[in-house]
Amino acid sequence: MSRVSRLLRVWAAALIASAAVHLPAAAAPTRDLPDFAELADRQGAAVVNISTTQALRQARPGLPRLDEDDPMFDFFRRFVPRQPGGSPKIDPDNRSLGSGFIVSSDGYVLTNAHVVEGADEIIVKLSDKREFRARLMGADPRSDVALLKIEASGLPKVSLGDPGKLRVGDWVLAIGSPFGFENSVTAGIVSAKGRSLPQENFVPFIQTDVAINPGNSGGPLFNLKGEVIGINSQIYSQTGGFMGLSFAIPIDVAMDVQSQLKAHGRVQRGRIGVVIQEVSRELADGFRLDKPVGALVSSVEKGGPADRAGLEQGDIVLRFDGRPVGVSGDLPRLVGSTRPGSRVPVQVWRKGSQREMQVVVAELPDDKPRKPVLPMARPEVSPNKLGIVVADPSVQQRRDSRLASGGVVVEALRSPSARASEIQAGDAILAIVNRGVRTDLRSAEQFGRVVAALDPGQAVTLLVQRGDTQTFVPVRTLER
């Protein structure tokens with residue numbers, strides 16, 4: 001080998017060595033993504049689907065639609081004459097509303113209070129398709145937590161985690177039944193902690209970007225260890241669907257509620273009788289406070305616990321029972337979690353200096369249950385003999401479903417028969433076949449007339465279109 005060849009070999013080897021030293025950092029092994037499949041496989045069996053049956057009482061003619069707690073309800077009930085026919089008729093209304101999860105192997109299930117609100121019958125369906133009639137042990141509308149009991153043993157149960165260790169940016173996973181699709185799994189990250197929402201003063205919500213939709217209500221939120229750290233409860237949406245803002249009740253808050261529901265069937269919360277507001281930078285400057293912290297007392301209930309303790313309008317509460325009040329939303333949660341009758345220290349800022357006083361916490365009275373947070377869209381109409389609520393299709397629906405020649409659109413299902421026939425909201429009904437005679441449908445009014453003429457318990461066949469597929473579906477009218 002010539003001297004030149006040897007020099008070329010040495011030079012080439014040096015270039016290769018130099019390139020190896022300067023390999024880009026991206027070539028280094030990257031951290032694996034979370035194993036969501038393994039987590040879902042381990043925890044899915046403890047997640048349940050919850051459906052309810054509620055009796056819909058048909059209002060008497062002449063009686064306006066009023067809540068039973070409306071002051072005018074009793075007036076109309078007593079003084080509007082009854083129509084012939086006796087008592088109001090009752091029709092069943094089956095609704096698949098939400099999710100839940102098993103917290104003990106002997107059959108205790110946690111869900112949202114709004115999922116089971118007003119239910120006459122609650123059905124819990126396990127992942128192995130077994131169904132149980134559940135007993136409502138108690139519901140707390142203020143925290144939106146409900147505790148159910150099913151008669152079973154040896155059930156799979158979830159493990160509970162510590163929401164206090166959760167960090168913004170951590171991966172989380174939800175399992176539930178959005179729109180009735182059982183054991184659906186969605187994942188995302190924690191967006192924020194300790195969120196206060198309007199009219200929600202007792203829960204420091206966990207905010208996530210996990211896809212949550214109607215039907216996910218009451219389902220568990222897991223950390224990557226497979227531990228439940230929250231109950232999915234609310235979404236922020238302008239459309240009724242997922243928009244990237246979901247809120248979960250921290251599991252420690254929920255378990256405190258469930259322990260009281262299990263023991264007493266209700267939850268006791270404290271109150272001190274003040275109205276508060278947030279401390280802005282401008283208010284902090286005005287009250288000579290170094291930084292905007294605490295809860296500014298805007299009014300004090302005369303004769304209430306705070307008044308008796310010496311709190312005044314204009315005080316800024318800095319600490320309650322030794323715990324700091326960082327923002328105004330902290331105070332209701334701290335007071336609410338204090339046992340009524342307890343004497344606790346309260347530190348306030350008044351006229352440029354700190355003062356401490358003792359307040360005896362009173363009990364917060366019960367209030368009316370709130371409306372469901374994640375409701376399914378349901379028209380306020382009386383059910384017909386088939387339990388299928390329909391409407392004339394919009395121009396867009398006609399275009400999307402190719403219904404130019406007719407048909408009606410299903411808006412809601414109000415009977416077990418309709419559900420068993422696998423008709424879904426959004427389907428189009430093109431025709432009714434009654435004793436071999438087919439009637440093509442042109443309007444919702446026509447559908448109502450045809451159904452009204454059917455006999456109780458009569459079997460008919462519907463021509464149903466879903467997407468581009470048409471199929472005949474047998475249904476039976478309700479027994480009356």
# chains A, B, ... in the order shown; residues from 1 in each chain; ligands from 1

$ residues_around --residues "Pro393 in chain A" --least-positions-apart "6" --cutoff "8 Å" --atoms "only C-alpha atoms" --output "list in words"
Gly407, Val408 and Val409 of chain A

$ residues_around --residues "range 115-117 of chain A" --least-positions-apart "2" --cutoff "8 Å" --atoms "only C-alpha atoms" --output "PDB file with C-alpha atoms, in the first residue's frame"
ATOM      1  CA  ILE A  50     -75.734   3.732  35.148  1.00  0.00           C
ATOM      2  CA  THR A  52     -82.418   5.192  35.422  1.00  0.00           C
ATOM      3  CA  LEU A  97     -77.524   8.855  31.869  1.00  0.00           C
ATOM      4  CA  GLY A  98     -74.008   8.269  33.026  1.00  0.00           C
ATOM      5  CA  THR A 111     -71.362   8.541  40.720  1.00  0.00           C
ATOM      6  CA  ASN A 112     -72.652  12.093  40.261  1.00  0.00           C
ATOM      7  CA  ALA A 113     -75.755  13.292  42.074  1.00  0.00           C
ATOM      8  CA  ALA A 119     -84.828   8.484  39.498  1.00  0.00           C
ATOM      9  CA  ILE A 122     -81.494   2.882  39.108  1.00  0.00           C
ATOM     10  CA  ALA A 146     -74.029  10.201  45.034  1.00  0.00           C
ATOM     11  CA  SER A 217     -70.725  12.022  34.188  1.00  0.00           C
ATOM     12  CA  GLY A 218     -69.846  10.129  37.350  1.00  0.00           C
ATOM     13  CA  PRO A 372     -78.284  18.185  35.983  1.00  0.00           C
TER      14      PRO A 372
END

$ select_by_dssp --residues "range 164-356 of chain A" --states "strand (DSSP E)" --output "PyMOL selection string"
chain A and resi 171-176+184-197+200-208+220-222+227-235+246-250+270-271+274-278+295-300+316-320+323-324+343-350+353-356

$ residues_around --residues "Pro250 in chain A" --least-positions-apart "3" --cutoff "6 Å" --atoms "only C-alpha atoms" --output "list of chain:residue names"
A:Ile229, A:Gly230, A:Val253

$ atom_distance --atom1 "CA of Val335 in chain A" --atom2 "CA of Arg271 in chain A"
5.9 Å

$ closest_residue --among "A:Arg142, A:Arg442, A:Arg42, A:Arg319" --to "Val267 in chain A" --atoms "only C-alpha atoms"
A:Arg142

$ closest_residue --among "A:Pro474, A:Pro340, A:Gly326, A:Gly304" --to "Val279 in chain A" --atoms "only C-alpha atoms"
A:Gly326

$ select_by_dssp --residues "range 176-392 of chain A" --states "helix (DSSP H, G or I)" --output "PyMOL selection string"
chain A and resi 178-180+251-264+281-286+305-309+330-336

$ write_last_selection --atoms "C-alpha atoms" --output "mmCIF file, in the first residue's frame"
data_model
loop_
_atom_site.group_PDB
_atom_site.id
_atom_site.type_symbol
_atom_site.label_atom_id
_atom_site.label_comp_id
_atom_site.auth_asym_id
_atom_site.auth_seq_id
_atom_site.Cartn_x
_atom_site.Cartn_y
_atom_site.Cartn_z
ATOM 1 C CA PRO A 178 -70.242 9.022 26.568
ATOM 2 C CA PHE A 179 -73.516 9.032 24.624
ATOM 3 C CA GLY A 180 -74.066 5.441 25.821
ATOM 4 C CA ILE A 251 -61.529 11.986 45.055
ATOM 5 C CA ASP A 252 -60.625 13.030 48.604
ATOM 6 C CA VAL A 253 -63.561 15.465 48.578
ATOM 7 C CA ALA A 254 -65.839 12.776 47.125
ATOM 8 C CA MET A 255 -64.781 10.145 49.664
ATOM 9 C CA ASP A 256 -65.427 12.510 52.561
ATOM 10 C CA VAL A 257 -68.914 13.065 51.151
ATOM 11 C CA GLN A 258 -69.529 9.345 50.628
ATOM 12 C CA SER A 259 -68.510 8.505 54.193
ATOM 13 C CA GLN A 260 -71.144 10.908 55.500
ATOM 14 C CA LEU A 261 -73.745 9.630 53.031
ATOM 15 C CA LYS A 262 -72.994 6.058 54.074
ATOM 16 C CA ALA A 263 -73.292 6.874 57.765
ATOM 17 C CA HIS A 264 -76.101 9.446 57.805
ATOM 18 C CA ARG A 281 -54.766 44.420 43.429
ATOM 19 C CA GLU A 282 -56.661 47.698 43.676
ATOM 20 C CA LEU A 283 -58.618 46.512 46.734
ATOM 21 C CA ALA A 284 -55.442 45.248 48.381
ATOM 22 C CA ASP A 285 -53.870 48.672 47.910
ATOM 23 C CA GLY A 286 -56.985 50.347 49.278
ATOM 24 C CA PRO A 305 -71.784 33.220 63.719
ATOM 25 C CA ALA A 306 -69.405 35.777 62.165
ATOM 26 C CA ASP A 307 -71.340 38.687 63.648
ATOM 27 C CA ARG A 308 -71.263 37.129 67.105
ATOM 28 C CA ALA A 309 -67.522 36.522 66.750
ATOM 29 C CA ASP A 330 -60.893 28.976 49.484
ATOM 30 C CA LEU A 331 -63.031 30.256 52.361
ATOM 31 C CA PRO A 332 -66.351 28.532 51.510
ATOM 32 C CA ARG A 333 -64.535 25.215 51.089
ATOM 33 C CA LEU A 334 -62.697 25.590 54.396
ATOM 34 C CA VAL A 335 -65.836 26.629 56.271
ATOM 35 C CA GLY A 336 -67.973 23.986 54.575
#
